[in-house]
$ cat upload.cif   # mmCIF, C-alpha atoms
data_model
#
loop_
_atom_site.label_atom_id
_atom_site.label_comp_id
_atom_site.auth_asym_id
_atom_site.auth_seq_id
_atom_site.Cartn_x
_atom_site.Cartn_y
_atom_site.Cartn_z
CA MET W 1 -26.67 -23.34 -27.15
CA ARG W 2 -28.49 -26.40 -28.50
CA TYR W 3 -26.30 -28.71 -26.37
CA VAL W 4 -27.25 -26.68 -23.33
CA LEU W 5 -30.92 -27.09 -24.27
CA ILE W 6 -30.64 -30.84 -24.78
CA GLY W 7 -28.52 -31.23 -21.66
CA GLY W 8 -31.08 -29.25 -19.69
CA LEU W 9 -33.91 -31.38 -21.02
CA LEU W 10 -32.10 -34.58 -20.12
CA ALA W 11 -31.22 -33.26 -16.65
CA ALA W 12 -34.85 -32.26 -16.09
CA PHE W 13 -35.99 -35.71 -17.20
CA VAL W 14 -33.59 -37.45 -14.81
CA TRP W 15 -34.54 -35.13 -11.95
CA GLN W 16 -38.24 -35.56 -12.62
CA SER W 17 -38.01 -39.34 -12.87
CA CYS W 18 -36.10 -39.45 -9.58
CA THR W 19 -38.44 -37.09 -7.75
CA ARG W 20 -41.79 -38.18 -9.18
CA PRO W 21 -43.58 -40.34 -6.62
CA SER W 22 -43.95 -43.97 -7.57
CA SER W 23 -47.46 -45.16 -8.31
CA GLY W 24 -47.03 -47.96 -5.79
CA LEU W 25 -48.74 -50.46 -8.07
CA GLN W 26 -47.64 -54.05 -7.55
CA PHE W 27 -48.47 -56.94 -9.82
CA ASP W 28 -48.35 -60.61 -8.86
CA SER W 29 -47.80 -61.80 -12.40
CA ARG W 30 -46.78 -60.70 -15.85
CA ASP W 31 -50.33 -61.28 -17.06
CA GLU W 32 -51.78 -58.93 -14.41
CA TRP W 33 -49.28 -56.28 -15.46
CA VAL W 34 -50.13 -56.69 -19.14
CA ALA W 35 -53.85 -56.59 -18.34
CA TRP W 36 -53.40 -53.33 -16.39
CA LEU W 37 -51.38 -51.79 -19.23
CA GLN W 38 -54.01 -52.79 -21.80
CA GLN W 39 -56.91 -51.58 -19.65
CA THR W 40 -55.17 -48.27 -18.97
CA GLN W 41 -54.38 -47.83 -22.65
CA ARG W 42 -58.07 -48.35 -23.50
CA GLN W 43 -59.07 -45.92 -20.77
CA MET W 44 -56.73 -43.24 -22.15
CA ALA W 45 -58.04 -43.84 -25.68
CA ASN W 46 -61.66 -43.31 -24.61
CA PRO W 47 -63.18 -41.00 -27.24
CA ARG W 48 -65.48 -39.48 -24.61
CA ALA W 49 -62.54 -38.13 -22.64
CA LEU W 50 -62.18 -34.45 -23.44
CA LYS W 51 -58.47 -34.35 -22.63
CA LEU W 52 -55.65 -36.64 -21.62
CA ASP W 53 -55.56 -37.59 -17.95
CA THR W 54 -51.94 -36.60 -17.41
CA ALA W 55 -51.60 -38.37 -14.06
CA LEU W 56 -52.89 -41.62 -15.57
CA ALA W 57 -50.66 -41.14 -18.61
CA LEU W 58 -47.57 -40.70 -16.46
CA GLN W 59 -48.56 -43.73 -14.38
CA TYR W 60 -48.89 -45.72 -17.61
CA VAL W 61 -45.44 -44.58 -18.78
CA GLU W 62 -43.94 -45.51 -15.41
CA GLN W 63 -45.51 -48.97 -15.41
CA ALA W 64 -44.72 -49.65 -19.07
CA THR W 65 -41.09 -48.70 -18.49
CA ALA W 66 -40.91 -50.91 -15.39
CA PHE W 67 -42.50 -53.80 -17.31
CA ALA W 68 -39.92 -53.56 -20.11
CA LYS W 69 -37.10 -53.32 -17.58
CA LYS W 70 -38.30 -56.40 -15.68
CA HIS W 71 -39.17 -58.37 -18.84
CA PRO W 72 -36.71 -57.17 -21.51
CA GLN W 73 -36.96 -60.42 -23.51
CA ASP W 74 -40.77 -60.43 -23.51
CA SER W 75 -42.19 -60.05 -27.00
CA LEU W 76 -44.41 -57.22 -25.71
CA ALA W 77 -41.52 -55.16 -24.29
CA PRO W 78 -40.75 -53.14 -27.46
CA GLU W 79 -44.44 -52.51 -28.12
CA VAL W 80 -45.05 -51.41 -24.54
CA LEU W 81 -42.07 -49.05 -24.68
CA PHE W 82 -43.22 -47.66 -28.02
CA ARG W 83 -46.73 -46.95 -26.67
CA ALA W 84 -45.27 -45.45 -23.50
CA ALA W 85 -43.18 -43.08 -25.62
CA ASP W 86 -46.27 -42.07 -27.57
CA VAL W 87 -48.17 -41.44 -24.33
CA ALA W 88 -45.24 -39.47 -22.89
CA ARG W 89 -45.17 -37.27 -26.00
CA GLY W 90 -48.93 -36.75 -25.73
CA ALA W 91 -48.42 -35.65 -22.12
CA GLY W 92 -45.77 -33.16 -23.19
CA GLU W 93 -42.88 -35.23 -21.79
CA PHE W 94 -40.82 -34.92 -24.97
CA GLY W 95 -37.46 -35.87 -23.44
CA GLN W 96 -38.93 -39.00 -21.95
CA ALA W 97 -40.61 -39.90 -25.23
CA ILE W 98 -37.31 -39.53 -27.08
CA GLN W 99 -35.54 -41.65 -24.48
CA LEU W 100 -38.16 -44.43 -24.65
CA TRP W 101 -38.20 -44.54 -28.46
CA GLY W 102 -34.42 -44.76 -28.28
CA GLN W 103 -34.73 -47.87 -26.13
CA VAL W 104 -36.97 -49.45 -28.74
CA TRP W 105 -34.64 -49.11 -31.73
CA ARG W 106 -31.43 -49.64 -29.77
CA ASN W 107 -32.58 -52.69 -27.77
CA TYR W 108 -34.83 -54.20 -30.45
CA PRO W 109 -33.31 -53.09 -33.80
CA GLN W 110 -35.03 -55.87 -35.76
CA HIS W 111 -38.48 -55.25 -34.30
CA ARG W 112 -41.10 -53.95 -36.75
CA LEU W 113 -41.48 -50.75 -34.65
CA ALA W 114 -37.76 -49.91 -34.51
CA PRO W 115 -37.71 -47.73 -37.67
CA ASP W 116 -40.84 -45.91 -36.51
CA ALA W 117 -39.30 -45.32 -33.09
CA LEU W 118 -36.15 -43.85 -34.61
CA PHE W 119 -38.18 -41.67 -36.98
CA LEU W 120 -40.39 -40.43 -34.13
CA GLN W 121 -37.31 -39.46 -32.14
CA ALA W 122 -36.22 -37.27 -35.06
CA PHE W 123 -39.72 -35.90 -35.55
CA THR W 124 -40.05 -35.00 -31.86
CA PHE W 125 -36.70 -33.19 -31.93
CA ASP W 126 -37.87 -31.38 -35.07
CA ASN W 127 -41.52 -30.64 -34.40
CA ASP W 128 -41.80 -30.38 -30.63
CA LEU W 129 -38.36 -29.20 -29.51
CA GLN W 130 -37.27 -27.32 -32.66
CA ALA W 131 -33.83 -28.94 -32.19
CA ARG W 132 -33.04 -29.06 -35.90
CA GLU W 133 -29.50 -30.44 -35.76
CA GLU W 134 -30.56 -33.29 -33.46
CA ALA W 135 -33.49 -33.95 -35.78
CA ARG W 136 -31.13 -34.03 -38.76
CA THR W 137 -28.89 -36.55 -36.96
CA TYR W 138 -31.79 -38.88 -36.19
CA TYR W 139 -33.41 -38.53 -39.62
CA GLN W 140 -30.04 -39.52 -41.09
CA LYS W 141 -29.93 -42.55 -38.77
CA VAL W 142 -33.29 -43.65 -40.17
CA ILE W 143 -31.84 -43.47 -43.68
CA ASP W 144 -28.61 -45.24 -42.69
CA GLN W 145 -30.09 -48.00 -40.54
CA TYR W 146 -33.32 -48.68 -42.39
CA PRO W 147 -32.65 -47.62 -46.01
CA ASP W 148 -35.41 -49.81 -47.47
CA HIS W 149 -38.08 -48.70 -45.02
CA PRO W 150 -40.70 -46.23 -46.36
CA LEU W 151 -39.79 -43.79 -43.57
CA ALA W 152 -36.27 -43.47 -44.98
CA MET W 153 -37.66 -41.54 -47.96
CA GLN W 154 -39.70 -39.30 -45.65
CA ALA W 155 -36.64 -38.72 -43.48
CA ALA W 156 -34.64 -37.64 -46.55
CA GLN W 157 -37.40 -35.23 -47.57
CA LEU W 158 -37.58 -33.75 -44.09
CA ILE W 159 -33.81 -33.26 -43.98
CA GLU W 160 -34.12 -31.17 -47.14
CA VAL W 161 -36.63 -28.78 -45.54
CA LEU W 162 -35.30 -28.67 -41.98
CA ASN W 163 -33.87 -25.17 -41.99
CA LYS W 164 -36.08 -23.57 -44.59
CA SER W 165 -38.58 -20.89 -43.73
CA PRO W 166 -42.23 -21.26 -44.79
CA ASP W 167 -41.62 -18.61 -47.49
CA GLU W 168 -38.66 -20.57 -48.87
CA LEU W 169 -40.76 -23.73 -48.95
CA VAL W 170 -43.58 -21.97 -50.83
CA ARG W 171 -41.11 -20.58 -53.39
CA GLN W 172 -39.53 -24.01 -53.82
CA PHE W 173 -42.94 -25.59 -54.31
CA GLU W 174 -43.98 -22.96 -56.82
CA GLN W 175 -40.81 -23.59 -58.84
CA GLN W 176 -41.57 -27.31 -58.98
CA VAL W 177 -45.21 -26.97 -60.05
CA PRO W 178 -45.62 -26.44 -63.80
CA PRO W 179 -47.58 -23.29 -64.75
CA GLU W 180 -51.22 -23.78 -65.72
CA GLU W 181 -52.05 -23.30 -69.34
#
$ encode --input "upload.cif" --output "structure tokens"
Amino acid sequence: MRYVLIGGLLAAFVWQSCTRPSSGLQFDSRDEWVAWLQQTQRQMANPRALKLDTALALQYVEQATAFAKKHPQDSLAPEVLFRAADVARGAGEFGQAIQLWGQVWRNYPQHRLAPDALFLQAFTFDNDLQAREEARTYYQKVIDQYPDHPLAMQAAQLIEVLNKSPDELVRQFEQQVPPEE
């Protein structure tokens, strides 16, 4: 059942990315592209905005992905992909977020954001999609690939509680806390 769910999510992502109209934006230079991405990111982060402008967010994700594809060796590529994944998740595009974070840690495994990207893949499977076995797999990858990173300890802790109900977690916590005197 879970493979059907994940397969369906991936198929929907592919279909959506193929059918979503292109923004039509064209940039004459890398610097113009970077400036647009930075300006759009600031616009989306405006504290006066009551909610995320989904159309702008999806346009940002599209342009960030295109930038990284055209400039894969650019030092900004992993950061742009990471932010695009975060924006996609904020827009409810969980499959796309997972896919973009995957590009970060697979294509740039030594980048400072790679462990975070891998962890956020696991967290999105866990928290947003309730795909516990996929989450477990990706949490374990964090531990295996980045054992000295602080997120490895968090990943191990989250693996321990993945399939426990809230009641089980409360009982476990109560057993660990010494009684008051």
$ resolve_selection --input "upload.cif" --expression "the PyMOL selection byres ((chain W and resi 154) around 12)" --output "short mmCIF file (atom, residue, chain, number, x, y, z; two decimals) with C-alpha atoms, in the frame of the given file"
data_model
loop_
_atom_site.label_atom_id
_atom_site.label_comp_id
_atom_site.auth_asym_id
_atom_site.auth_seq_id
_atom_site.Cartn_x
_atom_site.Cartn_y
_atom_site.Cartn_z
CA PRO W 115 -37.71 -47.73 -37.67
CA ASP W 116 -40.84 -45.91 -36.51
CA PHE W 119 -38.18 -41.67 -36.98
CA LEU W 120 -40.39 -40.43 -34.13
CA ALA W 122 -36.22 -37.27 -35.06
CA PHE W 123 -39.72 -35.90 -35.55
CA TYR W 139 -33.41 -38.53 -39.62
CA GLN W 140 -30.04 -39.52 -41.09
CA VAL W 142 -33.29 -43.65 -40.17
CA ILE W 143 -31.84 -43.47 -43.68
CA TYR W 146 -33.32 -48.68 -42.39
CA PRO W 147 -32.65 -47.62 -46.01
CA ASP W 148 -35.41 -49.81 -47.47
CA HIS W 149 -38.08 -48.70 -45.02
CA PRO W 150 -40.70 -46.23 -46.36
CA LEU W 151 -39.79 -43.79 -43.57
CA ALA W 152 -36.27 -43.47 -44.98
CA MET W 153 -37.66 -41.54 -47.96
CA ALA W 155 -36.64 -38.72 -43.48
CA ALA W 156 -34.64 -37.64 -46.55
CA GLN W 157 -37.40 -35.23 -47.57
CA LEU W 158 -37.58 -33.75 -44.09
CA ILE W 159 -33.81 -33.26 -43.98
CA GLU W 160 -34.12 -31.17 -47.14
CA VAL W 161 -36.63 -28.78 -45.54
#
$ closest_residue --input "upload.cif" --among "W:Ile98, W:Val87, W:Glu133, W:Tyr138" --to "W:Thr54" --atoms "only C-alpha atoms"
W:Val87
$ resolve_selection --input "upload.cif" --expression "the PyMOL selection byres ((chain W and resi 61) around 8)" --output "VMD selection string"
chain W and resid 57 to 60 62 to 65 84 to 85 87 to 88
$ closest_residue --input "upload.cif" --among "W:Ala66, W:Ala117, W:Val104, W:Leu162" --to "W:Ala131" --atoms "only C-alpha atoms"
W:Leu162
$ resolve_selection --input "upload.cif" --expression "the PyMOL selection byres ((chain W and resi 41) around 10)" --output "PyMOL selection string"
chain W and resi 35-40+42-46+56-57+60+83-84+87
$ write_last_selection --input "upload.cif" --atoms "C-alpha atoms" --output "PDB file, keeping the file's coordinate frame"
ATOM      1  CA  ALA W  35     -53.850 -56.590 -18.340  1.00  0.00           C
ATOM      2  CA  TRP W  36     -53.400 -53.330 -16.390  1.00  0.00           C
ATOM      3  CA  LEU W  37     -51.380 -51.790 -19.230  1.00  0.00           C
ATOM      4  CA  GLN W  38     -54.010 -52.790 -21.800  1.00  0.00           C
ATOM      5  CA  GLN W  39     -56.910 -51.580 -19.650  1.00  0.00           C
ATOM      6  CA  THR W  40     -55.170 -48.270 -18.970  1.00  0.00           C
ATOM      7  CA  ARG W  42     -58.070 -48.350 -23.500  1.00  0.00           C
ATOM      8  CA  GLN W  43     -59.070 -45.920 -20.770  1.00  0.00           C
ATOM      9  CA  MET W  44     -56.730 -43.240 -22.150  1.00  0.00           C
ATOM     10  CA  ALA W  45     -58.040 -43.840 -25.680  1.00  0.00           C
ATOM     11  CA  ASN W  46     -61.660 -43.310 -24.610  1.00  0.00           C
ATOM     12  CA  LEU W  56     -52.890 -41.620 -15.570  1.00  0.00           C
ATOM     13  CA  ALA W  57     -50.660 -41.140 -18.610  1.00  0.00           C
ATOM     14  CA  TYR W  60     -48.890 -45.720 -17.610  1.00  0.00           C
ATOM     15  CA  ARG W  83     -46.730 -46.950 -26.670  1.00  0.00           C
ATOM     16  CA  ALA W  84     -45.270 -45.450 -23.500  1.00  0.00           C
ATOM     17  CA  VAL W  87     -48.170 -41.440 -24.330  1.00  0.00           C
TER      18      VAL W  87
END
$ closest_residue --input "upload.cif" --among "W:Glu79, W:Asn163, W:Phe94, W:Lys51" --to "W:Arg132" --atoms "all atoms listed in the file"
W:Asn163
$ atom_distance --input "upload.cif" --atom1 "atom CA of W:Thr124" --atom2 "atom CA of W:Pro72"
24.7 Å
$ atom_distance --input "upload.cif" --atom1 "atom CA of W:Val80" --atom2 "atom CA of W:Ala68"
7.1 Å
$ atom_distance --input "upload.cif" --atom1 "atom CA of W:Asp31" --atom2 "atom CA of W:Glu93"
27.5 Å
$ closest_residue --input "upload.cif" --among "W:Val34, W:Ala49, W:Val170, W:Leu129" --to "W:Gly92" --atoms "all atoms listed in the file"
W:Leu129
$ closest_residue --input "upload.cif" --among "W:Gly90, W:Leu52, W:Tyr108, W:Gln172" --to "W:Asp128" --atoms "all atoms listed in the file"
W:Gly90
$ axis_aligned_box --input "upload.cif" --around "stretch 150-157 of chain W" --padding-each-side "3 Å" --output "lines of an AutoDock Vina configuration file"
center_x = -37.7
center_y = -40.7
center_z = -45.7
size_x = 12.1
size_y = 17.0
size_z = 10.5
